[in-house]
Amino acid sequence: MPAAPASLLTIFGATGDLAQRMLLPSLYSLQAEGLLPPDLRILGTARSELDREAFAGQVANAIAERVPAAERNDAAVRGLLDRLDYCPASVNDDASMATLAERVNALRNGDVLYHLSTAPRFYVPACHALGAHGAAGAGTRVMLEKPIGKNLTSAEAINDGVAEVFDEDRVYRVDHYLGKEGVQNLIALRFGNALFEPQWNARHIEQVQITVAETVGVEGRGDYYDDSGALRDMLQNHLLQLLCLVAMEPPAQFEPTAMRNEKIKVLRSLRAIGRDEVATEFVAGQYGAGAIDGVAVPSYAAELGRASSTETFVAMRAHVDNWRWSGVPFYLRTGKRMPSRCTEIYLQFRKVPHSIFGGAAAGDMRPNGLLIRLQPEERIELQLMSKTPGLDRSGLRLSQVALDLDFHTEFAASRKRLAYERLYLDAIEGNGTLFVRRDETEAAWQWVDAILDGWRAGATMPRLYPAGTWGPSAAVSLIERNGQSWRE
Ligand code: BG6
């Protein structure tokens, strides 16, 4: 049965960093566009002993700081502030959770959406407390932030604990990449065009690359990050979700079960990279001191304040062992302190079966490529061969040219959205299509656990790379062994 729109959104961690940076500005935008249900109340909760006014003040500040001036208007700010309530609570203090549950039940006028924007260790106790105090029955659902655990065992423990209170169809696991406009555009590109599908397979595609590069270091999150590393922090979730969207079969419909049934098949088709394969299929790196855009930046160890064996970069060659993708390498890489911020997917097509162009043009030939750029700009580029203008006597000359679709130019009137605008709108309305199902999270952990185990068993340290470079040279060797190279 489709869920009803929420009448109450309860945000745990409402005074935290994610709330200030992303959640509250996203709610503001939904308010400004008139997309929130008219009667929706928003209840913030955190340990801080604030009253409603103080919390509303924080929300107003977050909007003033984070929402561009051109998008702010007083009526919309007031409209959002009028929806707010606040109730201090600590998951470790049962009496405060009982008070919170009472507030929830007093404020709700229909469905309730909880958003646990806290450390994952609080997910199960928070759900249990809501259940025990009568605030988690029918008509309630829960949104969980990543990471769901740090390996399969801990993910299962969280999922089991949450499932004791919320059935799976009431659990909305966030991977904020799925809320990004560019990521949904990948779905539109694949399934809204007849052109690509016949080519979208091993017969026509030579290799796929997925890169998520960041220029930032670990910022103030050293403690979390050092316990996690790039493989768990980025690859287990964001990169694997992108891989699923690239590799999945067409779902029958754009709806939660059909989409997730296809994604899980991809995850289950990933060839295991374990102890025997890790040395040739996987590279881990850690940034040393270097420079980005001419500005000197410290090493990871210096930012952290101690030596560490945590990886800030990973690159790997993955395979999706099924009919569609048999033999096609999927190169994945992600890292911090790379030379530029960029998230992109690149599909390289196979060469023409026979070139009719002899002479000089023979050396001009390049395979076609499809570049789907998700960040910082949203762009789709189809790389084609074209005649080089001129009257060359020795035959045609060819050049690679790009059919370029830049979304900011094409859709100049639409503003750049935060991923949480989409995610909140969907969760409030009870649509789980862009959220991650339990089996997906666990299959991803199972695959990643084997890699980590293989890597650790080799007792190798991550290879150092200077900040501001594309990772250790071993990442280049990894792809060059197949006669290919990273798109840069
Ligand atoms: C988060 C990771 O999930 O994604 C961060 O924990 C990372 O380490 C961030 O910086 C990247 O997200 P985005 O939206 O900036 O690409």
# chains A, B, ... in the order shown; residues from 1 in each chain; ligands from 1
$ select_by_dssp --residues "stretch 70-153 of chain A" --states "strand (DSSP E or B)" --output "PyMOL selection string"
chain A and resi 84-86+111-116+140-144
$ residues_around --residues "A:Arg103" --least-positions-apart "3" --cutoff "10 Å" --atoms "only C-alpha atoms" --output "ChimeraX atom specification"
/A:43,85-87,97-100,106-108,135
$ write_last_selection --atoms "all heavy atoms" --output "short mmCIF file (atom, residue, chain, number, x, y, z; two decimals), in the first residue's frame"
data_model
loop_
_atom_site.label_atom_id
_atom_site.label_comp_id
_atom_site.auth_asym_id
_atom_site.auth_seq_id
_atom_site.Cartn_x
_atom_site.Cartn_y
_atom_site.Cartn_z
N LEU A 43 9.94 18.50 13.64
CA LEU A 43 10.39 18.45 15.04
C LEU A 43 11.88 18.14 15.06
O LEU A 43 12.30 17.07 14.62
CB LEU A 43 9.60 17.36 15.78
CG LEU A 43 10.02 17.06 17.21
CD1 LEU A 43 9.81 18.28 18.12
CD2 LEU A 43 9.20 15.88 17.76
N ASP A 85 9.33 22.69 15.66
CA ASP A 85 9.29 22.45 17.10
C ASP A 85 10.62 21.84 17.48
O ASP A 85 11.36 21.37 16.61
CB ASP A 85 8.17 21.47 17.46
CG ASP A 85 6.83 22.15 17.52
OD1 ASP A 85 6.61 22.90 18.49
OD2 ASP A 85 6.02 21.97 16.58
N TYR A 86 10.90 21.82 18.75
CA TYR A 86 12.17 21.22 19.18
C TYR A 86 11.94 20.50 20.49
O TYR A 86 11.18 20.96 21.35
CB TYR A 86 13.23 22.31 19.38
CG TYR A 86 14.59 21.73 19.73
CD1 TYR A 86 15.45 21.26 18.74
CD2 TYR A 86 15.00 21.62 21.07
CE1 TYR A 86 16.68 20.70 19.06
CE2 TYR A 86 16.22 21.05 21.40
CZ TYR A 86 17.07 20.61 20.39
OH TYR A 86 18.28 20.05 20.71
N CYS A 87 12.59 19.36 20.63
CA CYS A 87 12.48 18.61 21.88
C CYS A 87 13.84 17.98 22.16
O CYS A 87 14.29 17.13 21.38
CB CYS A 87 11.42 17.52 21.73
SG CYS A 87 11.25 16.48 23.17
N MET A 97 13.71 10.10 25.91
CA MET A 97 13.13 9.50 24.71
C MET A 97 11.62 9.31 24.88
O MET A 97 10.85 9.42 23.92
CB MET A 97 13.80 8.15 24.40
CG MET A 97 15.23 8.27 23.92
SD MET A 97 15.43 9.26 22.41
CE MET A 97 14.81 8.14 21.16
N ALA A 98 11.21 9.05 26.13
CA ALA A 98 9.77 8.93 26.39
C ALA A 98 9.10 10.28 26.14
O ALA A 98 8.02 10.36 25.53
CB ALA A 98 9.53 8.47 27.83
N THR A 99 9.76 11.35 26.60
CA THR A 99 9.20 12.70 26.37
C THR A 99 9.12 12.98 24.87
O THR A 99 8.12 13.52 24.38
CB THR A 99 10.10 13.76 27.05
OG1 THR A 99 10.30 13.35 28.39
CG2 THR A 99 9.49 15.13 26.99
N LEU A 100 10.17 12.61 24.17
CA LEU A 100 10.19 12.85 22.73
C LEU A 100 9.03 12.10 22.05
O LEU A 100 8.32 12.66 21.21
CB LEU A 100 11.53 12.40 22.14
CG LEU A 100 11.64 12.52 20.62
CD1 LEU A 100 11.68 13.98 20.17
CD2 LEU A 100 12.90 11.81 20.10
N ALA A 106 1.86 13.72 20.06
CA ALA A 106 0.98 14.88 20.19
C ALA A 106 0.96 15.70 18.90
O ALA A 106 -0.06 16.26 18.53
CB ALA A 106 1.46 15.76 21.36
N LEU A 107 2.11 15.75 18.22
CA LEU A 107 2.21 16.61 17.03
C LEU A 107 1.70 15.95 15.76
O LEU A 107 1.31 16.63 14.82
CB LEU A 107 3.68 17.02 16.80
CG LEU A 107 4.23 18.08 17.73
CD1 LEU A 107 5.76 18.17 17.57
CD2 LEU A 107 3.60 19.44 17.42
N ARG A 108 1.73 14.64 15.71
CA ARG A 108 1.42 13.98 14.45
C ARG A 108 -0.08 14.03 14.16
O ARG A 108 -0.91 14.01 15.06
CB ARG A 108 1.91 12.53 14.44
CG ARG A 108 1.17 11.59 15.34
CD ARG A 108 1.78 10.21 15.33
NE ARG A 108 1.45 9.49 14.10
CZ ARG A 108 1.69 8.18 13.94
NH1 ARG A 108 2.28 7.48 14.91
NH2 ARG A 108 1.36 7.59 12.83
N ALA A 135 5.91 5.07 19.59
CA ALA A 135 5.96 6.10 18.53
C ALA A 135 6.49 5.53 17.22
O ALA A 135 7.00 6.27 16.38
CB ALA A 135 6.83 7.26 19.00
#
$ residues_near_ligand --ligand "ligand 1" --cutoff "10 Å" --atoms "only C-alpha atoms and all ligand atoms" --output "PyMOL selection string"
chain A and resi 145-147+174-177+179-180+212-219+221+224-225+228-230+232-235+237-238+312+335-336+341-343+374-376+418-419
$ write_last_selection --atoms "N, CA and C atoms" --output "tab-separated table (two decimals), in the first residue's frame"
chain	number	residue	atom	x	y	z
A	145	GLU	N	21.06	7.57	7.68
A	145	GLU	CA	22.23	8.05	6.94
A	145	GLU	C	23.25	6.94	6.78
A	146	LYS	N	24.15	7.09	5.84
A	146	LYS	CA	25.28	6.19	5.77
A	146	LYS	C	26.31	6.63	6.80
A	147	PRO	N	27.24	5.84	7.25
A	147	PRO	CA	27.38	4.45	6.87
A	147	PRO	C	26.48	3.55	7.70
A	174	VAL	N	19.74	6.30	3.12
A	174	VAL	CA	20.19	7.39	2.25
A	174	VAL	C	21.53	7.04	1.62
A	175	ASP	N	21.62	7.21	0.30
A	175	ASP	CA	22.92	7.40	-0.34
A	175	ASP	C	22.73	8.71	-1.09
A	176	HIS	N	23.33	9.77	-0.60
A	176	HIS	CA	22.93	11.09	-1.11
A	176	HIS	C	23.25	11.24	-2.60
A	177	TYR	N	24.12	10.35	-3.14
A	177	TYR	CA	24.38	10.43	-4.58
A	177	TYR	C	23.11	10.18	-5.40
A	179	GLY	N	20.29	11.21	-4.78
A	179	GLY	CA	19.47	12.42	-4.81
A	179	GLY	C	20.02	13.47	-5.75
A	180	LYS	N	21.19	13.24	-6.28
A	180	LYS	CA	21.80	14.24	-7.16
A	180	LYS	C	21.11	14.24	-8.52
A	212	VAL	N	35.34	9.26	-8.82
A	212	VAL	CA	34.83	10.29	-7.90
A	212	VAL	C	36.05	10.89	-7.22
A	213	ALA	N	36.45	12.05	-7.70
A	213	ALA	CA	37.67	12.69	-7.18
A	213	ALA	C	37.28	13.92	-6.39
A	214	GLU	N	37.92	14.08	-5.24
A	214	GLU	CA	37.67	15.26	-4.41
A	214	GLU	C	38.98	16.00	-4.18
A	215	THR	N	38.90	17.30	-4.04
A	215	THR	CA	40.12	18.06	-3.71
A	215	THR	C	40.28	18.21	-2.20
A	216	VAL	N	39.18	18.04	-1.48
A	216	VAL	CA	39.25	18.22	-0.02
A	216	VAL	C	40.05	17.09	0.64
A	217	GLY	N	40.54	17.37	1.84
A	217	GLY	CA	41.18	16.33	2.63
A	217	GLY	C	40.12	15.77	3.58
A	218	VAL	N	40.53	15.46	4.80
A	218	VAL	CA	39.54	14.87	5.70
A	218	VAL	C	38.85	15.92	6.56
A	219	GLU	N	39.19	17.19	6.34
A	219	GLU	CA	38.56	18.29	7.07
A	219	GLU	C	38.60	17.99	8.56
A	221	ARG	N	36.97	15.69	10.03
A	221	ARG	CA	36.33	14.38	10.30
A	221	ARG	C	37.35	13.27	10.48
A	224	TYR	N	36.40	9.90	12.37
A	224	TYR	CA	35.51	9.01	11.61
A	224	TYR	C	36.27	8.43	10.42
A	225	TYR	N	36.93	9.33	9.68
A	225	TYR	CA	37.50	8.90	8.40
A	225	TYR	C	38.60	7.88	8.61
A	228	SER	N	37.52	4.58	8.78
A	228	SER	CA	36.73	4.15	7.64
A	228	SER	C	37.62	3.96	6.41
A	229	GLY	N	38.11	5.07	5.85
A	229	GLY	CA	38.94	4.97	4.65
A	229	GLY	C	38.08	5.05	3.39
A	230	ALA	N	38.75	5.27	2.25
A	230	ALA	CA	38.04	5.54	1.00
A	230	ALA	C	37.15	4.37	0.56
A	232	ARG	N	35.48	2.17	2.33
A	232	ARG	CA	34.20	2.10	3.06
A	232	ARG	C	33.41	3.40	2.93
A	233	ASP	N	34.13	4.52	2.93
A	233	ASP	CA	33.45	5.82	2.98
A	233	ASP	C	32.81	6.16	1.64
A	234	MET	N	33.42	5.77	0.53
A	234	MET	CA	32.95	6.20	-0.79
A	234	MET	C	32.60	5.03	-1.72
A	235	LEU	N	33.47	4.02	-1.73
A	235	LEU	CA	33.28	3.00	-2.74
A	235	LEU	C	32.11	2.07	-2.42
A	237	ASN	N	29.44	2.58	-1.11
A	237	ASN	CA	28.11	3.16	-1.32
A	237	ASN	C	28.04	3.93	-2.64
A	238	HIS	N	28.65	5.12	-2.69
A	238	HIS	CA	28.42	6.00	-3.84
A	238	HIS	C	28.88	5.36	-5.15
A	312	THR	N	43.27	6.82	1.56
A	312	THR	CA	42.47	7.98	1.15
A	312	THR	C	42.20	7.93	-0.35
A	335	GLY	N	39.26	9.30	-4.59
A	335	GLY	CA	40.32	9.73	-3.68
A	335	GLY	C	40.11	11.14	-3.20
A	336	LYS	N	40.76	11.43	-2.11
A	336	LYS	CA	40.78	12.80	-1.58
A	336	LYS	C	42.09	13.45	-2.02
A	341	ARG	N	38.02	18.50	-8.49
A	341	ARG	CA	36.82	17.80	-8.05
A	341	ARG	C	36.08	17.33	-9.28
A	342	CYS	N	35.81	16.07	-9.35
A	342	CYS	CA	35.10	15.59	-10.53
A	342	CYS	C	34.48	14.22	-10.26
A	343	THR	N	33.21	14.11	-10.61
A	343	THR	CA	32.55	12.81	-10.57
A	343	THR	C	32.10	12.52	-11.98
A	374	LEU	N	28.96	14.23	-13.69
A	374	LEU	CA	27.94	14.50	-12.68
A	374	LEU	C	28.30	15.70	-11.81
A	375	GLN	N	29.59	15.91	-11.62
A	375	GLN	CA	30.07	17.01	-10.78
A	375	GLN	C	31.42	17.47	-11.32
A	376	PRO	N	31.81	18.73	-11.20
A	376	PRO	CA	31.01	19.80	-10.62
A	376	PRO	C	29.90	20.27	-11.56
A	418	LEU	N	20.21	20.82	-4.03
A	418	LEU	CA	20.90	19.93	-3.10
A	418	LEU	C	20.25	18.55	-3.21
A	419	ALA	N	21.06	17.52	-3.05
A	419	ALA	CA	20.53	16.16	-3.16
A	419	ALA	C	19.39	15.92	-2.17
$ atom_distance --atom1 "atom CA of A:Asn151" --atom2 "atom CA of A:Val320"
21.3 Å
$ residues_around --residues "A:Gly430" --least-positions-apart "4" --cutoff "9 Å" --atoms "only C-alpha atoms" --output "tab-separated table (two decimals) with N, CA, C and O atoms, in the first residue's frame"
chain	number	residue	atom	x	y	z
A	2	PRO	N	0.64	2.20	-0.91
A	2	PRO	CA	1.51	3.39	-0.91
A	2	PRO	C	1.37	4.17	0.39
A	2	PRO	O	0.27	4.26	0.94
A	3	ALA	N	2.50	4.70	0.87
A	3	ALA	CA	2.47	5.44	2.13
A	3	ALA	C	1.81	6.80	1.91
A	3	ALA	O	1.84	7.35	0.81
A	4	ALA	N	1.21	7.33	2.99
A	4	ALA	CA	0.62	8.67	2.92
A	4	ALA	C	1.72	9.70	3.17
A	4	ALA	O	2.73	9.38	3.81
A	5	PRO	N	1.58	10.93	2.68
A	5	PRO	CA	2.59	11.95	2.98
A	5	PRO	C	2.73	12.13	4.49
A	5	PRO	O	1.75	12.01	5.23
A	6	ALA	N	3.95	12.38	4.93
A	6	ALA	CA	4.18	12.52	6.38
A	6	ALA	C	3.49	13.78	6.89
A	6	ALA	O	3.43	14.80	6.19
A	113	LEU	N	7.73	10.68	9.65
A	113	LEU	CA	9.03	10.31	9.08
A	113	LEU	C	10.10	10.69	10.09
A	113	LEU	O	10.20	11.86	10.49
A	141	ARG	N	7.90	5.86	9.42
A	141	ARG	CA	9.04	5.36	8.62
A	141	ARG	C	10.29	6.07	9.06
A	141	ARG	O	10.24	7.12	9.70
A	170	ARG	N	9.55	0.32	5.39
A	170	ARG	CA	9.46	1.61	6.10
A	170	ARG	C	10.85	2.16	6.43
A	170	ARG	O	10.99	3.08	7.22
A	425	LEU	N	11.85	15.17	-0.24
A	425	LEU	CA	10.54	15.18	-0.89
A	425	LEU	C	10.03	13.74	-1.04
A	425	LEU	O	8.88	13.44	-0.70
A	426	ASP	N	10.91	12.86	-1.50
A	426	ASP	CA	10.49	11.47	-1.72
A	426	ASP	C	10.16	10.77	-0.40
A	426	ASP	O	9.18	10.04	-0.30
$ atom_distance --atom1 "atom CA of A:Ala307" --atom2 "atom CA of A:Thr153"
27.5 Å
$ closest_residue --among "A:Arg47, A:His319, A:His128, A:Arg190" --to "A:Leu370" --atoms "only C-alpha atoms"
A:Arg190
$ closest_residue --among "A:Pro329, A:Pro339, A:Pro25, A:Gly57" --to "A:Val297" --atoms "only C-alpha atoms"
A:Pro339
$ residues_around --residues "A:Asp406" --least-positions-apart "4" --cutoff "12 Å" --atoms "only C-alpha atoms" --output "PyMOL selection string"
chain A and resi 182+371-382+402+410-412
$ write_last_selection --atoms "N, CA, C and O atoms" --output "short mmCIF file (atom, residue, chain, number, x, y, z; two decimals), in the first residue's frame"
data_model
loop_
_atom_site.label_atom_id
_atom_site.label_comp_id
_atom_site.auth_asym_id
_atom_site.auth_seq_id
_atom_site.Cartn_x
_atom_site.Cartn_y
_atom_site.Cartn_z
N GLY A 182 22.31 14.89 -11.41
CA GLY A 182 23.10 14.23 -12.45
C GLY A 182 22.95 12.71 -12.41
O GLY A 182 22.99 12.05 -13.45
N LEU A 371 30.78 10.32 -22.17
CA LEU A 371 31.18 10.84 -20.86
C LEU A 371 29.96 11.41 -20.17
O LEU A 371 29.27 12.26 -20.74
N ILE A 372 29.72 10.94 -18.97
CA ILE A 372 28.59 11.47 -18.20
C ILE A 372 29.20 12.15 -16.98
O ILE A 372 29.72 11.49 -16.07
N ARG A 373 29.22 13.46 -17.01
CA ARG A 373 29.85 14.22 -15.94
C ARG A 373 28.76 14.60 -14.94
O ARG A 373 27.77 15.22 -15.31
N LEU A 374 28.96 14.23 -13.69
CA LEU A 374 27.94 14.50 -12.68
C LEU A 374 28.30 15.70 -11.81
O LEU A 374 27.43 16.37 -11.29
N GLN A 375 29.59 15.91 -11.62
CA GLN A 375 30.07 17.01 -10.78
C GLN A 375 31.42 17.47 -11.32
O GLN A 375 32.17 16.63 -11.81
N PRO A 376 31.81 18.73 -11.20
CA PRO A 376 31.01 19.80 -10.62
C PRO A 376 29.90 20.27 -11.56
O PRO A 376 28.91 20.81 -11.09
N GLU A 377 30.06 20.04 -12.86
CA GLU A 377 28.98 20.45 -13.76
C GLU A 377 28.30 19.20 -14.28
O GLU A 377 28.89 18.12 -14.30
N GLU A 378 27.05 19.34 -14.70
CA GLU A 378 26.34 18.19 -15.27
C GLU A 378 26.39 18.30 -16.77
O GLU A 378 25.91 19.28 -17.34
N ARG A 379 26.97 17.29 -17.38
CA ARG A 379 27.26 17.40 -18.79
C ARG A 379 27.30 16.00 -19.38
O ARG A 379 27.76 15.06 -18.73
N ILE A 380 26.83 15.86 -20.58
CA ILE A 380 26.96 14.59 -21.28
C ILE A 380 27.68 14.86 -22.59
O ILE A 380 27.31 15.79 -23.32
N GLU A 381 28.70 14.09 -22.83
CA GLU A 381 29.50 14.35 -24.03
C GLU A 381 29.65 13.03 -24.80
O GLU A 381 30.08 12.04 -24.24
N LEU A 382 29.27 13.06 -26.04
CA LEU A 382 29.43 11.88 -26.89
C LEU A 382 30.60 12.16 -27.83
O LEU A 382 30.56 13.12 -28.61
N ALA A 402 33.22 16.42 -30.07
CA ALA A 402 32.28 16.09 -28.99
C ALA A 402 30.91 16.67 -29.27
O ALA A 402 30.77 17.84 -29.59
N GLU A 410 21.46 24.26 -21.11
CA GLU A 410 20.20 23.74 -21.66
C GLU A 410 19.01 24.08 -20.77
O GLU A 410 17.94 24.42 -21.23
N PHE A 411 19.24 23.94 -19.45
CA PHE A 411 18.16 24.22 -18.50
C PHE A 411 18.56 25.42 -17.65
O PHE A 411 18.62 25.33 -16.42
N ALA A 412 18.84 26.53 -18.34
CA ALA A 412 19.41 27.69 -17.65
C ALA A 412 18.47 28.22 -16.56
O ALA A 412 18.92 28.79 -15.57
#
$ closest_residue --among "A:His133, A:Lys265, A:Arg333, A:Arg456" --to "A:Ile345" --atoms "only C-alpha atoms"
A:Arg333
$ residues_around --residues "stretch 154-164 of chain A" --least-positions-apart "5" --cutoff "10 Å" --atoms "only C-alpha atoms" --output "number ranges by chain"
A: 120-128, 131, 142, 144, 147-149, 169-171, 438-439, 441-442, 445
$ select_by_dssp --residues "stretch 88-235 of chain A" --states "alpha helix (DSSP H)" --output "PyMOL selection string"
chain A and resi 94-107+123-132+152-163+181-191+222-226+230
